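*Asks:* File name final.cif; file contents mmCIF, C-alpha atoms and all ligand atoms; full text below.
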data_input
loop_
_atom_site.label_atom_id
_atom_site.label_comp_id
_atom_site.auth_asym_id
_atom_site.auth_seq_id
_atom_site.Cartn_x
_atom_site.Cartn_y
_atom_site.Cartn_z
CA MET A 1 -24.07 25.53 -51.46
CA ALA A 2 -21.53 26.65 -48.85
CA ILE A 3 -17.89 25.88 -49.51
CA GLY A 4 -14.68 26.54 -47.63
CA VAL A 5 -11.04 25.63 -47.33
CA ILE A 6 -9.89 25.00 -43.78
CA ASP A 7 -6.60 24.33 -42.13
CA LYS A 8 -6.00 20.62 -41.53
CA GLY A 9 -5.88 21.20 -37.77
CA ALA A 10 -9.40 22.63 -37.70
CA ALA A 11 -11.04 19.45 -38.97
CA GLY A 12 -13.99 18.14 -37.00
CA THR A 13 -15.49 21.52 -36.14
CA ASP A 14 -18.51 23.00 -37.86
CA ALA A 15 -16.19 25.10 -39.98
CA LEU A 16 -18.89 26.68 -42.11
CA ALA A 17 -21.34 27.49 -39.28
CA GLU A 18 -20.68 31.21 -39.54
CA LEU A 19 -20.90 31.27 -43.34
CA LYS A 20 -24.28 29.54 -43.12
CA GLU A 21 -25.37 32.08 -40.52
CA LEU A 22 -24.29 34.90 -42.82
CA LEU A 23 -26.24 33.31 -45.68
CA ARG A 24 -29.30 32.94 -43.47
CA THR A 25 -29.04 36.63 -42.56
CA ALA A 26 -28.79 37.44 -46.27
CA GLY A 27 -31.93 35.38 -46.89
CA VAL A 28 -30.24 32.41 -48.58
CA ALA A 29 -30.97 28.83 -47.53
CA THR A 30 -28.01 26.45 -47.54
CA ALA A 31 -28.67 23.28 -49.57
CA GLY A 32 -25.38 21.56 -48.81
CA GLU A 33 -21.78 22.16 -47.90
CA LEU A 34 -18.31 21.07 -48.83
CA VAL A 35 -15.07 21.61 -46.96
CA GLN A 36 -11.56 20.94 -48.17
CA ALA A 37 -8.75 20.64 -45.65
CA ARG A 38 -5.55 22.01 -47.18
CA ALA A 39 -2.88 24.46 -46.16
CA GLU A 40 -3.82 27.19 -48.65
CA PRO A 41 -6.68 27.64 -51.11
CA ASP A 42 -5.70 26.93 -54.71
CA PRO A 43 -4.64 30.23 -56.29
CA ASP A 44 -6.55 29.53 -59.53
CA ARG A 45 -9.63 27.57 -58.53
CA TYR A 46 -9.80 27.94 -54.72
CA LEU A 47 -10.39 24.16 -54.43
CA GLY A 48 -8.19 21.37 -55.73
CA ARG A 49 -9.18 19.70 -59.01
CA GLY A 50 -10.56 16.57 -57.38
CA LYS A 51 -12.66 18.56 -54.89
CA LEU A 52 -13.97 20.71 -57.70
CA ALA A 53 -15.32 17.67 -59.53
CA GLU A 54 -16.86 16.49 -56.27
CA LEU A 55 -18.48 19.90 -55.77
CA ARG A 56 -19.91 19.84 -59.28
CA GLU A 57 -21.51 16.51 -58.54
CA GLN A 58 -22.84 17.68 -55.19
CA ILE A 59 -24.37 20.84 -56.64
CA ARG A 60 -26.34 18.68 -59.04
CA ARG A 61 -27.40 16.27 -56.31
CA ASP A 62 -28.45 18.96 -53.79
CA GLY A 63 -30.08 21.13 -56.45
CA ALA A 64 -28.06 24.19 -55.43
CA ASN A 65 -28.17 27.25 -57.68
CA LEU A 66 -25.46 29.32 -56.00
CA VAL A 67 -22.06 28.65 -54.49
CA ALA A 68 -20.96 30.74 -51.49
CA CYS A 69 -17.33 30.69 -50.54
CA ASP A 70 -16.09 31.30 -46.97
CA ASP A 71 -13.09 33.38 -48.11
CA GLU A 72 -12.74 36.43 -50.30
CA LEU A 73 -12.01 35.12 -53.80
CA ALA A 74 -9.55 36.64 -56.20
CA PRO A 75 -11.38 37.65 -59.39
CA ARG A 76 -9.56 34.86 -61.22
CA GLN A 77 -10.66 32.21 -58.72
CA GLU A 78 -14.24 33.42 -58.96
CA ARG A 79 -14.21 33.30 -62.79
CA ASN A 80 -12.64 29.87 -62.93
CA LEU A 81 -15.06 28.46 -60.37
CA GLU A 82 -18.06 29.83 -62.26
CA ALA A 83 -16.76 28.41 -65.53
CA ALA A 84 -16.22 25.00 -63.93
CA LEU A 85 -19.49 24.86 -62.01
CA ASP A 86 -22.05 26.60 -64.25
CA VAL A 87 -23.65 28.39 -61.27
CA PRO A 88 -22.97 31.88 -59.90
CA VAL A 89 -20.24 32.00 -57.25
CA ILE A 90 -20.18 34.63 -54.49
CA ASP A 91 -17.60 35.12 -51.79
CA ARG A 92 -17.75 35.97 -48.09
CA THR A 93 -17.02 39.64 -48.74
CA ALA A 94 -19.90 39.99 -51.20
CA ILE A 95 -22.29 38.37 -48.70
CA ILE A 96 -21.22 40.66 -45.86
CA LEU A 97 -21.48 43.70 -48.12
CA ASP A 98 -24.94 42.57 -49.15
CA ILE A 99 -26.08 42.25 -45.53
CA PHE A 100 -24.65 45.67 -44.71
CA ALA A 101 -26.46 47.17 -47.72
CA ASP A 102 -29.67 45.64 -46.48
CA HIS A 103 -29.22 46.84 -42.89
CA ALA A 104 -28.01 50.38 -43.60
CA HIS A 105 -30.67 52.88 -42.60
CA SER A 106 -29.00 56.22 -41.98
CA ALA A 107 -27.78 58.37 -44.85
CA GLU A 108 -24.23 57.94 -43.61
CA GLY A 109 -24.52 54.17 -43.33
CA LYS A 110 -25.84 53.95 -46.88
CA LEU A 111 -22.99 56.08 -48.21
CA GLN A 112 -20.44 53.97 -46.34
CA VAL A 113 -21.81 50.69 -47.67
CA GLU A 114 -22.06 52.01 -51.21
CA LEU A 115 -18.44 53.13 -51.02
CA ALA A 116 -17.32 49.72 -49.79
CA GLN A 117 -19.33 47.95 -52.51
CA LEU A 118 -17.95 50.15 -55.26
CA GLU A 119 -14.42 49.54 -54.12
CA TYR A 120 -15.02 45.82 -54.02
CA ASN A 121 -16.51 45.92 -57.53
CA LEU A 122 -13.84 48.20 -58.89
CA ALA A 123 -11.19 45.67 -57.87
CA ARG A 124 -13.12 43.03 -59.78
CA MET A 125 -13.48 45.19 -62.89
CA ARG A 126 -9.78 45.81 -62.77
CA GLY A 127 -9.18 42.09 -62.66
CA LEU A 128 -11.33 41.62 -65.72
CA TRP A 129 -9.71 44.59 -67.41
CA THR A 130 -6.14 43.33 -67.07
CA HIS A 131 -7.34 39.99 -68.31
CA LEU A 132 -8.84 41.50 -71.48
CA GLU A 133 -5.92 43.84 -71.90
CA ARG A 134 -3.59 40.90 -71.92
CA LEU A 135 -5.73 39.19 -74.56
CA GLY A 136 -5.65 42.30 -76.73
CA ALA A 137 -1.92 42.76 -76.36
CA GLY A 138 -1.34 39.18 -77.35
CA ARG A 139 -3.06 39.47 -80.69
CA ILE A 140 -0.81 39.28 -83.71
CA ASP A 141 -2.43 42.07 -85.71
CA GLY A 142 -2.36 44.47 -82.74
CA GLY A 143 -3.37 48.13 -83.10
CA ILE A 144 -6.81 48.77 -84.59
CA GLY A 145 -9.44 46.27 -83.62
CA THR A 146 -7.77 45.09 -80.46
CA ARG A 147 -9.82 47.51 -78.35
CA GLY A 148 -13.11 45.70 -78.50
CA PRO A 149 -16.45 47.11 -77.31
CA GLY A 150 -16.13 45.11 -74.09
CA GLU A 151 -13.00 46.99 -73.13
CA SER A 152 -14.37 50.45 -73.65
CA GLN A 153 -17.48 49.51 -71.69
CA ILE A 154 -15.29 48.46 -68.81
CA GLU A 155 -13.31 51.66 -69.09
CA THR A 156 -16.52 53.66 -68.87
CA ASP A 157 -17.77 51.62 -65.94
CA ARG A 158 -14.51 52.10 -64.11
CA ARG A 159 -14.53 55.83 -64.72
CA LEU A 160 -18.11 56.11 -63.46
CA ALA A 161 -17.26 54.01 -60.42
CA ARG A 162 -14.25 56.20 -59.65
CA ASP A 163 -16.29 59.42 -60.01
CA ARG A 164 -18.90 58.04 -57.68
CA ILE A 165 -16.23 56.97 -55.18
CA THR A 166 -14.85 60.51 -55.17
CA THR A 167 -18.32 61.95 -54.58
CA LEU A 168 -19.04 59.50 -51.77
CA ARG A 169 -15.72 60.19 -50.07
CA ARG A 170 -16.41 63.93 -50.19
CA ARG A 171 -19.88 63.54 -48.71
CA LEU A 172 -18.66 61.20 -46.01
CA GLY A 173 -15.92 63.69 -45.21
CA ARG A 174 -18.58 66.34 -44.56
CA VAL A 175 -20.56 64.04 -42.28
CA GLU A 176 -17.34 63.16 -40.47
CA ARG A 177 -16.40 66.80 -39.85
CA ASN A 178 -19.85 67.43 -38.45
CA ARG A 179 -19.47 64.44 -36.15
CA GLY A 180 -16.08 65.79 -35.07
CA VAL A 181 -17.78 68.98 -33.92
CA GLN A 182 -20.29 67.03 -31.85
CA ARG A 183 -17.54 64.97 -30.33
CA ALA A 184 -15.47 68.02 -29.44
CA ARG A 185 -18.50 69.39 -27.64
CA ARG A 186 -18.86 66.20 -25.68
CA GLU A 187 -15.16 66.00 -24.85
CA SER A 188 -15.18 69.48 -23.42
CA SER A 189 -18.03 68.44 -21.13
CA ALA A 190 -15.72 65.77 -19.66
CA VAL A 191 -18.39 63.11 -19.50
CA PRO A 192 -16.70 59.70 -19.55
CA ALA A 193 -17.30 57.98 -22.87
CA VAL A 194 -17.58 54.21 -23.07
CA ALA A 195 -17.65 52.39 -26.41
CA LEU A 196 -19.10 48.91 -26.76
CA ALA A 197 -17.14 46.81 -29.22
CA GLY A 198 -17.47 43.16 -30.04
CA TYR A 199 -18.26 40.41 -32.46
CA THR A 200 -21.58 40.66 -34.25
CA ASN A 201 -24.40 39.10 -32.19
CA ALA A 202 -22.41 39.27 -28.92
CA GLY A 203 -25.22 41.34 -27.39
CA LYS A 204 -23.84 44.89 -27.55
CA SER A 205 -27.17 46.54 -28.31
CA THR A 206 -28.94 44.49 -25.66
CA LEU A 207 -26.26 45.55 -23.17
CA LEU A 208 -26.61 49.22 -24.15
CA ASN A 209 -30.34 48.96 -23.54
CA ALA A 210 -29.83 47.20 -20.22
CA LEU A 211 -27.27 49.75 -19.00
CA THR A 212 -29.11 52.87 -20.08
CA GLY A 213 -32.73 51.91 -20.58
CA ALA A 214 -32.48 52.85 -24.25
CA GLY A 215 -34.61 51.18 -26.89
CA VAL A 216 -31.98 50.24 -29.46
CA GLY A 217 -32.89 47.56 -31.99
CA VAL A 218 -31.73 44.04 -31.19
CA GLY A 219 -31.59 41.25 -33.73
CA GLU A 220 -30.88 37.54 -33.62
CA ARG A 221 -29.22 37.81 -37.03
CA LEU A 222 -25.80 39.19 -37.83
CA PHE A 223 -24.88 42.86 -38.26
CA HIS A 224 -28.12 44.17 -36.88
CA THR A 225 -26.59 47.49 -35.85
CA LEU A 226 -24.66 49.64 -38.30
CA ASP A 227 -25.20 53.16 -37.04
CA PRO A 228 -23.65 54.29 -33.79
CA THR A 229 -26.08 55.11 -31.00
CA THR A 230 -25.03 57.01 -27.90
CA ARG A 231 -27.02 56.92 -24.65
CA ALA A 232 -26.25 57.99 -21.12
CA TYR A 233 -26.70 56.53 -17.64
CA GLU A 234 -25.89 57.75 -14.15
CA HIS A 235 -23.84 55.88 -11.61
CA HIS A 236 -22.97 57.28 -8.16
CA GLY A 237 -24.07 60.71 -9.33
CA ARG A 238 -21.84 60.75 -12.41
CA ARG A 239 -23.03 60.63 -16.01
CA PHE A 240 -21.52 58.11 -18.41
CA VAL A 241 -22.21 58.02 -22.14
CA VAL A 242 -22.15 54.67 -23.94
CA THR A 243 -21.92 54.16 -27.67
CA ASP A 244 -23.04 51.00 -29.42
CA THR A 245 -21.83 50.52 -32.93
CA VAL A 246 -21.28 48.09 -35.78
CA GLY A 247 -20.21 44.56 -34.83
CA PHE A 248 -17.03 42.92 -36.05
CA ILE A 249 -16.48 39.54 -37.65
CA ARG A 250 -13.63 37.29 -38.70
CA LYS A 251 -12.23 38.36 -42.09
CA LEU A 252 -14.20 41.60 -42.01
CA PRO A 253 -13.86 43.04 -45.52
CA HIS A 254 -11.20 45.71 -45.39
CA GLN A 255 -13.31 47.91 -47.69
CA LEU A 256 -15.89 48.01 -44.89
CA VAL A 257 -13.36 48.84 -42.18
CA GLU A 258 -12.12 51.62 -44.44
CA ALA A 259 -15.61 52.95 -45.20
CA PHE A 260 -16.73 52.73 -41.57
CA LYS A 261 -13.64 54.42 -40.15
CA ALA A 262 -15.65 57.53 -39.24
CA THR A 263 -18.28 55.48 -37.42
CA LEU A 264 -15.60 53.52 -35.64
CA GLU A 265 -13.95 56.78 -34.59
CA GLU A 266 -16.31 56.77 -31.61
CA THR A 267 -14.58 53.61 -30.50
CA ARG A 268 -11.10 54.97 -31.12
CA LEU A 269 -11.68 58.03 -28.94
CA ALA A 270 -13.54 56.39 -26.07
CA ASP A 271 -12.17 56.66 -22.54
CA LEU A 272 -12.86 52.96 -22.16
CA ILE A 273 -13.66 50.22 -24.66
CA VAL A 274 -15.96 47.55 -23.28
CA HIS A 275 -15.27 44.46 -25.36
CA VAL A 276 -18.44 42.35 -25.29
CA VAL A 277 -18.02 38.62 -25.86
CA ASP A 278 -20.76 36.02 -26.24
CA GLY A 279 -19.87 33.87 -23.23
CA SER A 280 -22.24 31.08 -24.32
CA GLU A 281 -20.12 30.18 -27.36
CA PRO A 282 -17.65 27.26 -27.20
CA GLU A 283 -14.16 28.29 -26.14
CA GLN A 284 -12.57 28.01 -29.57
CA VAL A 285 -15.24 30.21 -31.16
CA ARG A 286 -14.86 32.73 -28.33
CA VAL A 287 -11.10 32.88 -28.65
CA GLU A 288 -11.34 33.45 -32.40
CA ALA A 289 -13.99 36.13 -31.94
CA ILE A 290 -11.85 37.96 -29.38
CA ALA A 291 -8.84 37.81 -31.69
CA ALA A 292 -10.91 39.11 -34.62
CA VAL A 293 -12.19 42.05 -32.56
CA ASP A 294 -8.70 42.81 -31.24
CA SER A 295 -7.31 42.94 -34.76
CA VAL A 296 -10.04 45.30 -36.02
CA LEU A 297 -9.49 47.53 -32.97
CA GLU A 298 -5.82 47.55 -33.85
CA GLU A 299 -6.60 48.38 -37.47
CA ILE A 300 -8.75 51.38 -36.58
CA GLY A 301 -6.10 52.74 -34.22
CA ALA A 302 -7.92 51.81 -31.00
CA GLY A 303 -5.44 49.11 -29.99
CA GLU A 304 -4.00 51.19 -27.17
CA ARG A 305 -7.24 52.35 -25.53
CA PRO A 306 -8.07 51.06 -22.04
CA ARG A 307 -10.19 47.98 -22.43
CA LEU A 308 -12.51 45.87 -20.28
CA LEU A 309 -13.54 42.37 -21.32
CA VAL A 310 -17.18 41.48 -20.63
CA TYR A 311 -18.62 37.99 -21.05
CA ASN A 312 -22.32 38.30 -21.85
CA LYS A 313 -25.20 35.78 -21.92
CA LEU A 314 -24.28 34.26 -18.53
CA ASP A 315 -27.93 33.23 -18.20
CA LEU A 316 -27.29 30.50 -20.77
CA LEU A 317 -24.56 28.88 -18.66
CA ASP A 318 -24.77 26.52 -15.70
CA ALA A 319 -22.57 26.91 -12.60
CA ASP A 320 -19.73 24.77 -13.98
CA GLN A 321 -19.66 26.57 -17.28
CA ARG A 322 -19.60 29.93 -15.53
CA ARG A 323 -16.64 28.84 -13.46
CA ASP A 324 -14.77 27.62 -16.54
CA LEU A 325 -15.46 30.93 -18.22
CA LEU A 326 -14.61 33.33 -15.41
CA VAL A 327 -12.04 31.67 -13.17
CA GLY A 328 -8.63 32.82 -14.33
CA ALA A 329 -10.20 35.33 -16.68
CA GLY A 330 -8.42 38.19 -14.90
CA ASP A 331 -10.33 41.46 -14.91
CA ALA A 332 -13.13 40.18 -17.11
CA VAL A 333 -16.70 40.71 -15.89
CA GLY A 334 -19.55 38.26 -16.47
CA VAL A 335 -23.01 39.66 -17.18
CA SER A 336 -26.35 38.83 -18.65
CA ALA A 337 -27.79 41.74 -20.56
CA ALA A 338 -31.01 39.74 -20.76
CA THR A 339 -31.57 39.30 -17.01
CA GLY A 340 -29.56 42.26 -15.72
CA GLU A 341 -27.22 40.01 -13.75
CA GLY A 342 -23.76 41.52 -13.19
CA LEU A 343 -24.68 44.95 -14.52
CA GLU A 344 -24.09 46.72 -11.22
CA LEU A 345 -20.62 45.20 -11.02
CA LEU A 346 -20.01 46.26 -14.62
CA ARG A 347 -21.05 49.85 -13.82
CA ASP A 348 -18.67 49.79 -10.84
CA ARG A 349 -15.83 48.52 -13.01
CA ILE A 350 -16.46 51.12 -15.69
CA GLU A 351 -16.46 53.77 -12.99
CA ALA A 352 -13.27 52.40 -11.45
CA GLY A 353 -11.57 52.50 -14.84
CA PHE A 354 -12.56 56.10 -15.20
CA LEU A 355 -11.56 57.06 -11.66
CA GLU A 356 -8.06 55.84 -12.36
CA THR A 357 -7.71 58.68 -14.83
CA LEU A 358 -8.69 61.28 -12.21
CA ARG A 359 -6.51 63.50 -10.10
CA GLU A 360 -7.33 64.35 -6.51
CA VAL A 361 -7.48 68.10 -5.83
CA GLU A 362 -8.12 70.18 -2.71
CA LEU A 363 -9.45 73.65 -3.52
CA LEU A 364 -10.57 76.71 -1.64
CA VAL A 365 -13.15 78.46 -3.79
CA PRO A 366 -14.23 81.98 -2.67
CA TYR A 367 -17.97 82.59 -2.40
CA SER A 368 -17.69 85.08 -5.28
CA GLU A 369 -16.79 82.19 -7.65
CA GLY A 370 -20.06 80.26 -7.50
CA GLY A 371 -19.80 79.36 -11.22
CA MET A 372 -16.52 77.56 -10.62
CA LEU A 373 -18.13 75.48 -7.90
CA SER A 374 -20.82 74.15 -10.18
CA GLU A 375 -18.22 73.42 -12.85
CA ILE A 376 -16.17 71.39 -10.39
CA HIS A 377 -19.30 69.64 -9.30
CA GLU A 378 -20.10 68.69 -12.88
CA LEU A 379 -16.62 67.29 -13.43
CA ALA A 380 -16.30 65.49 -10.15
CA GLY A 381 -19.78 64.14 -9.55
CA GLU A 382 -19.73 63.54 -5.81
CA LEU A 383 -17.50 65.89 -3.84
CA ASP A 384 -16.59 66.63 -0.28
CA ARG A 385 -17.29 70.31 0.62
CA THR A 386 -16.84 72.35 3.81
CA GLU A 387 -18.19 75.89 4.14
CA ARG A 388 -15.64 78.24 5.71
CA GLY A 389 -15.42 81.95 6.36
CA ASP A 390 -13.21 82.59 3.34
CA GLY A 391 -14.98 80.26 0.89
CA VAL A 392 -15.83 76.63 0.25
CA LEU A 393 -13.16 74.01 0.82
CA VAL A 394 -13.60 71.28 -1.78
CA LYS A 395 -11.98 67.88 -2.05
CA ALA A 396 -12.73 66.29 -5.40
CA ARG A 397 -11.41 63.97 -8.07
CA ILE A 398 -11.45 65.51 -11.52
CA PRO A 399 -10.07 64.49 -14.91
CA ALA A 400 -6.35 65.27 -15.02
CA THR A 401 -6.78 67.27 -18.22
CA PHE A 402 -9.07 69.70 -16.39
CA ALA A 403 -7.08 70.08 -13.19
CA HIS A 404 -5.10 73.09 -14.48
CA ARG A 405 -8.27 75.18 -14.71
CA PHE A 406 -8.58 75.27 -10.94
CA GLU A 407 -4.94 75.62 -10.08
CA ARG A 408 -5.34 79.10 -8.66
CA PHE A 409 -7.71 77.75 -5.97
CA SER A 410 -5.44 74.91 -5.04
CA VAL A 411 -4.90 74.67 -1.30
CA ASN A 412 -1.56 72.94 -1.81
CA GLY A 413 -0.63 75.66 -4.24
CA THR A 414 -1.34 78.38 -1.62
CA ARG A 415 0.85 76.60 0.85
CA THR A 416 3.79 76.65 -1.57
CA VAL A 417 3.44 80.41 -2.02
CA GLU A 418 3.64 81.06 1.74
N1 LIG B 501 -29.80 34.60 -23.58
C1 LIG B 501 -29.29 35.81 -23.83
N2 LIG B 501 -29.41 36.33 -25.07
C2 LIG B 501 -28.89 37.56 -25.28
C3 LIG B 501 -28.23 38.30 -24.25
N3 LIG B 501 -27.81 39.47 -24.78
C4 LIG B 501 -28.20 39.46 -26.09
N4 LIG B 501 -28.86 38.32 -26.39
C5 LIG B 501 -29.42 37.93 -27.69
O1 LIG B 501 -28.36 37.87 -28.65
C6 LIG B 501 -28.80 38.32 -29.91
C7 LIG B 501 -27.92 39.45 -30.40
O2 LIG B 501 -28.09 40.58 -29.58
P1 LIG B 501 -27.74 42.06 -30.05
O3 LIG B 501 -27.82 42.92 -28.84
O4 LIG B 501 -28.53 42.43 -31.24
O5 LIG B 501 -26.23 41.83 -30.47
P2 LIG B 501 -25.20 42.90 -31.11
O6 LIG B 501 -23.87 42.60 -30.50
O7 LIG B 501 -25.73 44.28 -30.94
O8 LIG B 501 -25.21 42.43 -32.62
P3 LIG B 501 -24.90 43.30 -33.96
O9 LIG B 501 -25.64 44.59 -33.87
O10 LIG B 501 -25.40 42.39 -35.02
O11 LIG B 501 -23.41 43.47 -33.99
C8 LIG B 501 -30.26 38.73 -29.73
O12 LIG B 501 -31.08 37.67 -30.14
C9 LIG B 501 -30.37 38.99 -28.23
O13 LIG B 501 -31.67 38.79 -27.76
C10 LIG B 501 -28.12 37.70 -22.94
O14 LIG B 501 -27.57 38.24 -21.98
N5 LIG B 501 -28.68 36.45 -22.80
MG MG B 502 -26.31 45.64 -32.29
#
For the file at hand, write its structure as structure tokens.
Ligand SMILES: Nc1nc2c(ncn2[C@@H]2O[C@H](COP(=O)(O)OP(=O)(O)OP(=O)(O)O)[C@@H](O)[C@H]2O)c(=O)[nH]1
Ligand SMILES: [Mg+2]
*Replies:*
Amino acid sequence: MAIGVIDKGAAGTDALAELKELLRTAGVATAGELVQARAEPDPDRYLGRGKLAELREQIRRDGANLVACDDELAPRQERNLEAALDVPVIDRTAIILDIFADHAHSAEGKLQVELAQLEYNLARMRGLWTHLERLGAGRIDGGIGTRGPGESQIETDRRLARDRITTLRRRLGRVERNRGVQRARRESSAVPAVALAGYTNAGKSTLLNALTGAGVGVGERLFHTLDPTTRAYEHHGRRFVVTDTVGFIRKLPHQLVEAFKATLEETRLADLIVHVVDGSEPEQVRVEAIAAVDSVLEEIGAGERPRLLVYNKLDLLDADQRRDLLVGAGDAVGVSAATGEGLELLRDRIEAGFLETLREVELLVPYSEGGMLSEIHELAGELDRTERGDGVLVKARIPATFAHRFERFSVNGTRTVE
């Protein structure tokens, strides 16, 4: 049974479509649904009293044995709902964590999900704990006997959870440092790094495969990819590396953002973030998805990186729909990762974005410095070279951060010295 509270203005839309999709991904069939339009969920019971009675009735009628809520529930709301409904109640966060747990394959992914789950559970234990503590404190006799067996069990559980959290953080820290080393190696090679970011199911993995010919797993369900994959392609003689990583979603549990910070680091440090949007979704869904991705990018410190918006799945749109999508969409590029349409334009745009960060240099490299020539070649991709008596005259565009290395060969520089 899917339930949700929506803003009054949002009435009429399939408000719980995404929750049902999440449930489907988690392997749960939805027997029925109930939406309440009100400004804010009830702080104690999530739904209003009248709606709650209605829900109880509907659960019986539809034969539901679980209630799934579209928002993260406070421990108190969850307890009160369960008491009132007599069936287990889970919230959006628990469902997403469950899907992540199911889809985590790498050692790092598993550690990250376990960390997020423990933190989610610890918050719940704490809720229960304060509740019991208050009960104990309120007893007239006080002192001995107020610390029941339930309390000490919770204390033990919390301590174990905290110990495990510390261990997980330490292990993840090690993995992260190792990743930092790899990244530093890549940065020094000056290969432009592109990160694909976007809502889950937008087609990021499909696009990575289409751009690079990689064989990354694609899934029609949500959160198919959790581990980052980096692949390379060549365009106009220059190598580009592209990283595909975990998808975002509205109300992404903050425990997950926290736990996946290291993975998302690839996105934060990219030269260009390609924000992939499912162009076949209705406008309102698209706008919300873009906003959700923007806010996660902001949260992980990638808000300021250069960004390119890409509308995917053009093959599902007719000519009118394409026009509505792309006219007035500014710099955005339309593609179909499925058919390959628009990919050449996308490669050009990625290249153009990178070229903007380059500085034009004119160098005279003596024949004795052959090593320098190949280094310049690697940085610049295509270059314009003229053999002369005193060396090779090179005109090239190289990343600004590397320009200083070749200063002593600079033709302009020589002129100044004269
Ligand atoms: N028609 C059409 N379907 C596409 C296109 N690109 C991707 N898809 C489909 O969309 C679904 C999701 O694709 P993925 O590439 O797994 O999406 P993702 O963004 O990597 O998703 P997560 O890893 O879950 O975040 C799959 O069923 C793809 O086959 C496209 O250009 N056209
Ligand atoms: Mg994917």
*Asks:* So the first atom is atom CA of Glu258 of chain A and the second is atom CA of Glu176 of chain A; what is the distance between them in Å, to one decimal place?
*Replies:*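 Separation between atom CA of Glu258 of chain A and atom CA of Glu176 of chain A: 13.3 Å.
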*Asks:* Please find the residues contacting ligand LIG 501 (chain B) at a distance of at most 6 Å between atoms, with all atoms listed in the file counted, and report them as a short mmCIF file (atom, residue, chain, number, x, y, z; two decimals) with C-alpha atoms, keeping the file's coordinate frame.
*Replies:*
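That gives us out.cif:
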data_model
loop_
_atom_site.label_atom_id
_atom_site.label_comp_id
_atom_site.auth_asym_id
_atom_site.auth_seq_id
_atom_site.Cartn_x
_atom_site.Cartn_y
_atom_site.Cartn_z
CA THR A 200 -21.58 40.66 -34.25
CA ASN A 201 -24.40 39.10 -32.19
CA ALA A 202 -22.41 39.27 -28.92
CA GLY A 203 -25.22 41.34 -27.39
CA LYS A 204 -23.84 44.89 -27.55
CA SER A 205 -27.17 46.54 -28.31
CA THR A 206 -28.94 44.49 -25.66
CA VAL A 218 -31.73 44.04 -31.19
CA GLY A 219 -31.59 41.25 -33.73
CA GLU A 220 -30.88 37.54 -33.62
CA LEU A 222 -25.80 39.19 -37.83
CA PHE A 223 -24.88 42.86 -38.26
CA HIS A 224 -28.12 44.17 -36.88
CA THR A 225 -26.59 47.49 -35.85
CA VAL A 246 -21.28 48.09 -35.78
CA GLY A 247 -20.21 44.56 -34.83
CA ASN A 312 -22.32 38.30 -21.85
CA LYS A 313 -25.20 35.78 -21.92
CA ASP A 315 -27.93 33.23 -18.20
CA LEU A 316 -27.29 30.50 -20.77
CA SER A 336 -26.35 38.83 -18.65
CA ALA A 337 -27.79 41.74 -20.56
CA ALA A 338 -31.01 39.74 -20.76
#
*Asks:* One decimal, in Å: what's the spacing between atom CA of His254 of chain A and atom CA of Asp98 of chain A?
*Replies:*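 Atom-to-atom, atom CA of His254 of chain A to atom CA of Asp98 of chain A, that is 14.6 Å.
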*Asks:* Name the closest residue to ligand MG 502 (chain B) among the candidates A:Gly215, A:Gly370, A:Gly391, A:Pro399; distances are taken between atoms, counting only C-alpha atoms and all ligand atoms.
*Replies:*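 Nearest candidate to ligand MG 502 (chain B) out of A:Gly215, A:Gly370, A:Gly391, A:Pro399: A:Gly215.
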*Asks:* Can you work out which one of A:Val35, A:Ile96, A:Leu343, A:Ala259 has the shortest atom-to-atom distance to Leu172 of chain A, counting all atoms listed in the file?
*Replies:*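 With all atoms listed in the file as the atom set, the closest residue is A:Ala259.
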*Asks:* Atom CA of Thr267 of chain A to atom CA of Asp324 of chain A: how many Å, to one decimal?
*Replies:*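 Interatomic distance here is 29.5 Å.
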*Asks:* Measuring atom to atom with all atoms listed in the file, identify which of A:Leu345, A:Ala302, A:Val276, A:Val287 is nearest to ligand MG 502 (chain B).
*Replies:*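 Using all atoms listed in the file, the shortest distance to ligand MG 502 (chain B) belongs to A:Val276.
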*Asks:* If you count all atoms listed in the file, which residues fall within 8 Å of His105 of chain A, apart from same-chain ones fewer than 3 positions away, as an NGL selection string?
*Replies:* :A and (109-110 or 227)
*Asks:* Atoms are missing here; could segment 205-210 of chain A be completed with N, CA and C atoms and written as a PDB file, in the coordinates of the input?
*Replies:*
ATOM      1  N   SER A 205     -25.991  45.673 -28.362  1.00  0.00           N
ATOM      2  CA  SER A 205     -27.170  46.540 -28.310  1.00  0.00           C
ATOM      3  C   SER A 205     -28.041  46.209 -27.110  1.00  0.00           C
ATOM      4  N   THR A 206     -28.159  44.909 -26.827  1.00  0.00           N
ATOM      5  CA  THR A 206     -28.940  44.490 -25.660  1.00  0.00           C
ATOM      6  C   THR A 206     -28.297  45.056 -24.389  1.00  0.00           C
ATOM      7  N   LEU A 207     -26.972  45.034 -24.341  1.00  0.00           N
ATOM      8  CA  LEU A 207     -26.260  45.550 -23.170  1.00  0.00           C
ATOM      9  C   LEU A 207     -26.435  47.069 -23.059  1.00  0.00           C
ATOM     10  N   LEU A 208     -26.388  47.763 -24.186  1.00  0.00           N
ATOM     11  CA  LEU A 208     -26.610  49.220 -24.150  1.00  0.00           C
ATOM     12  C   LEU A 208     -27.992  49.504 -23.568  1.00  0.00           C
ATOM     13  N   ASN A 209     -28.981  48.766 -24.044  1.00  0.00           N
ATOM     14  CA  ASN A 209     -30.340  48.960 -23.540  1.00  0.00           C
ATOM     15  C   ASN A 209     -30.418  48.672 -22.047  1.00  0.00           C
ATOM     16  N   ALA A 210     -29.764  47.586 -21.623  1.00  0.00           N
ATOM     17  CA  ALA A 210     -29.830  47.200 -20.220  1.00  0.00           C
ATOM     18  C   ALA A 210     -29.126  48.233 -19.332  1.00  0.00           C
TER      19      ALA A 210
END
